[in-house]
Amino acid sequence: MNPLFNLESIYITNIIGIVLMAVMIACNLWRLQNRNHANTNLLAMMFFALTSCIADPISYTTKGLSGTIATASVYITSTWLFVANMFAVFSWNRFLAYYLNGRISKRANLFLNTTVSIGLILLIINFFYPVVFSIDENNLYTRKSLYFFFLIADYLLVIYSLITYYRSKKKGGNLKFFPIWVFIVPILIGGIIQTVFYGISVIPTSITISIAGILASLQNEMIYRDVLTGLFNRTYLDYKLKKFAKRPKQNITGLMLDLNDFKRINDEFGHFVGDEALVATTQILQKAVGSLGIVIRYAGDEFIILINTQDDSVTQACIDKIQQSFSQFNNKNDKAYNLSAAIGCYKLNLKEESVDTFINTIDSRMYENKKAFYASHRVMDRRKH
């Protein structure tokens, strides 16, 4: 046993991390089969955490041992630990952006990609000239000056995720929520402990605990999620409107959308294609609404969007963006159908009106828009003949 480290504690800590990750993967296979952007980045986080828990004890075991294989092992595993820790936080940022906003901004992509690219370049240089860490003749690891780049970069990425969260929450108001502390706190504690007390290995397991917290939060949320689209469901809408009724001073506008000719899509192409159209609509609406609000699958092909504003110009801009997004989809896709929606909107005013009045009003306004759509299309059909 290497006398420089407490290998038993390192083994135990990482075995706990491996077992915890294996259990999480087994219990969440159904979720991970849905390869949307958020789940893909969540899966990436799990991969980096699991491989870190495997690489970490190998690295500590081979430190201080003689031989080419031992030296190569220390270099490879130590390098991978830097890569995995950095990419785990990188994937967390992407997960959070897609989860909260349905997309990641170009600015965020540039910042994240630039940070990890610099880190990868430094690690490649380190194989030829030790700037991050060095391995001496006794095969012992020593931190070098640019080790602190990774420490700073990892914490910057964590801070950036906080910025993403609070920006989203500011735009979406009470519509946006995610218990961000379940990821942040374990990583911060683990990073501080391992940085201050060299020889103690807790970062890989800390990341694993953070991911466990994320999955637990997502699991608790499933009661509010629609199975097909992954959107919030009617239960969530009822929950939010009841909360708003207790604190009615909310600047919320509701949009109700109903897909035009959706019955024809189901009748002509089958319910599988109908489901495909609903998923495509989900992606269109999430991208168009972004962090301004939330999209809810109300019933069948009806959707309700709650946006965090009562500014008419902002609301109209959101509606215009939705309609433009449908047009872009129709122009680019090779499907046998086109997508469009009738839209009605109404400002939430629970100080003077009931929740039922709010729902009934956006519903009736949506149907007025739908009648206009079908009337205009009947005219166009007559002209064609």
# chains A, B, ... in the order shown; residues from 1 in each chain; ligands from 1
$ residues_around --residues "stretch 39-42 of chain A" --least-positions-apart "4" --cutoff "12 Å" --atoms "only C-alpha atoms" --output "JSON, numbers by chain"
{"A": [24, 25, 28, 29, 30, 31, 32, 33, 34, 35, 46, 47, 48, 49, 87, 88, 89, 90, 91, 92, 93, 94, 95, 96, 97, 98, 99, 102, 104, 183, 207, 208, 210, 211, 212, 214, 215, 218, 230]}
$ closest_atom_pairs --of "stretch 191-263 of chain A" --to "stretch 302-309 of chain A" --cutoff "8 Å" --atoms "only C-alpha atoms" --output "CSV"
residue,atom,partner,partner_atom,distance
A:Asn251,CA,A:Thr309,CA,5.1
A:Ile252,CA,A:Asn308,CA,4.9
A:Thr253,CA,A:Ile307,CA,5.4
A:Gly254,CA,A:Leu306,CA,4.7
A:Leu255,CA,A:Ile305,CA,4.9
A:Met256,CA,A:Ile304,CA,4.4
A:Leu257,CA,A:Phe303,CA,5.0
A:Asp258,CA,A:Glu302,CA,4.5
A:Leu259,CA,A:Glu302,CA,6.8
$ select_by_dssp --residues "stretch 105-345 of chain A" --states "strand (DSSP E or B)" --output "ChimeraX atom specification"
/A:133-135,141-143,225,232,253-259,293-299,302-307,341-345
$ atom_distance --atom1 "atom CA of A:Ile152" --atom2 "atom CA of A:Ile203"
14.7 Å
$ residues_around --residues "A:Glu276" --least-positions-apart "5" --cutoff "12 Å" --atoms "only C-alpha atoms" --output "list of chain:residue names"
A:Leu228, A:Thr229, A:Phe262, A:Ile265, A:Asn266, A:Phe269, A:Gly270, A:His271, A:Thr281, A:Thr282, A:Gln283, A:Asp301, A:Lys335, A:Ala336, A:Tyr337, A:Leu339
$ atom_distance --atom1 "atom CA of A:Gly344" --atom2 "atom CA of A:Cys318"
12.3 Å
$ closest_residue --among "A:Leu122, A:Asp226, A:Arg167, A:Gly190" --to "A:Ser145" --atoms "only C-alpha atoms"
A:Leu122
$ atom_distance --atom1 "atom CA of A:Asp334" --atom2 "atom CA of A:Phe272"
16.4 Å
$ select_by_dssp --residues "stretch 71-235 of chain A" --states "helix (DSSP H, G or I)" --output "count of residues only"
121
$ closest_residue --among "A:Lys321, A:Thr61, A:Val289, A:Lys347" --to "A:Asn6" --atoms "only C-alpha atoms"
A:Thr61
$ residues_around --residues "A:Leu285" --least-positions-apart "5" --cutoff "9 Å" --atoms "only C-alpha atoms" --output "PyMOL selection string"
chain A and resi 280+290+295+305+322+325-326
$ write_last_selection --atoms "C-alpha atoms" --output "mmCIF file, in the first residue's frame"
data_model
loop_
_atom_site.group_PDB
_atom_site.id
_atom_site.type_symbol
_atom_site.label_atom_id
_atom_site.label_comp_id
_atom_site.auth_asym_id
_atom_site.auth_seq_id
_atom_site.Cartn_x
_atom_site.Cartn_y
_atom_site.Cartn_z
ATOM 1 C CA ALA A 280 -42.240 18.970 -33.136
ATOM 2 C CA GLY A 290 -37.293 30.590 -24.363
ATOM 3 C CA VAL A 295 -45.082 25.882 -22.205
ATOM 4 C CA ILE A 305 -48.110 29.284 -22.492
ATOM 5 C CA ILE A 322 -44.186 31.461 -32.550
ATOM 6 C CA SER A 325 -41.175 29.441 -36.074
ATOM 7 C CA PHE A 326 -44.079 27.409 -37.468
#
$ residues_around --residues "A:Gly213" --least-positions-apart "5" --cutoff "12 Å" --atoms "only C-alpha atoms" --output "list in words"
Leu20, Met21, Met24, Phe178, Pro179, Ile180, Trp181, Val182, Phe183, Ile184, Val185, Pro186, Ile187, Ser206, Ile207, Thr208, Leu218, Gln219 and Asn220 of chain A
$ residues_around --residues "A:Thr13" --least-positions-apart "6" --cutoff "9 Å" --atoms "only C-alpha atoms" --output "list of chain:residue names"
A:Cys53, A:Ser201, A:Val202, A:Pro204, A:Thr205
$ residues_around --residues "A:Lys63" --least-positions-apart "6" --cutoff "8 Å" --atoms "only C-alpha atoms" --output "list in words"
Asn2, Ala70, Thr71, Val74, Asn139, Leu140 and Tyr141 of chain A
$ closest_residue --among "A:Ile69, A:Leu146, A:Leu292, A:Met366" --to "A:Tyr346" --atoms "only C-alpha atoms"
A:Met366
$ closest_residue --among "A:Glu221, A:Asp238, A:Asp311, A:Asp320" --to "A:Ile296" --atoms "only C-alpha atoms"
A:Asp238
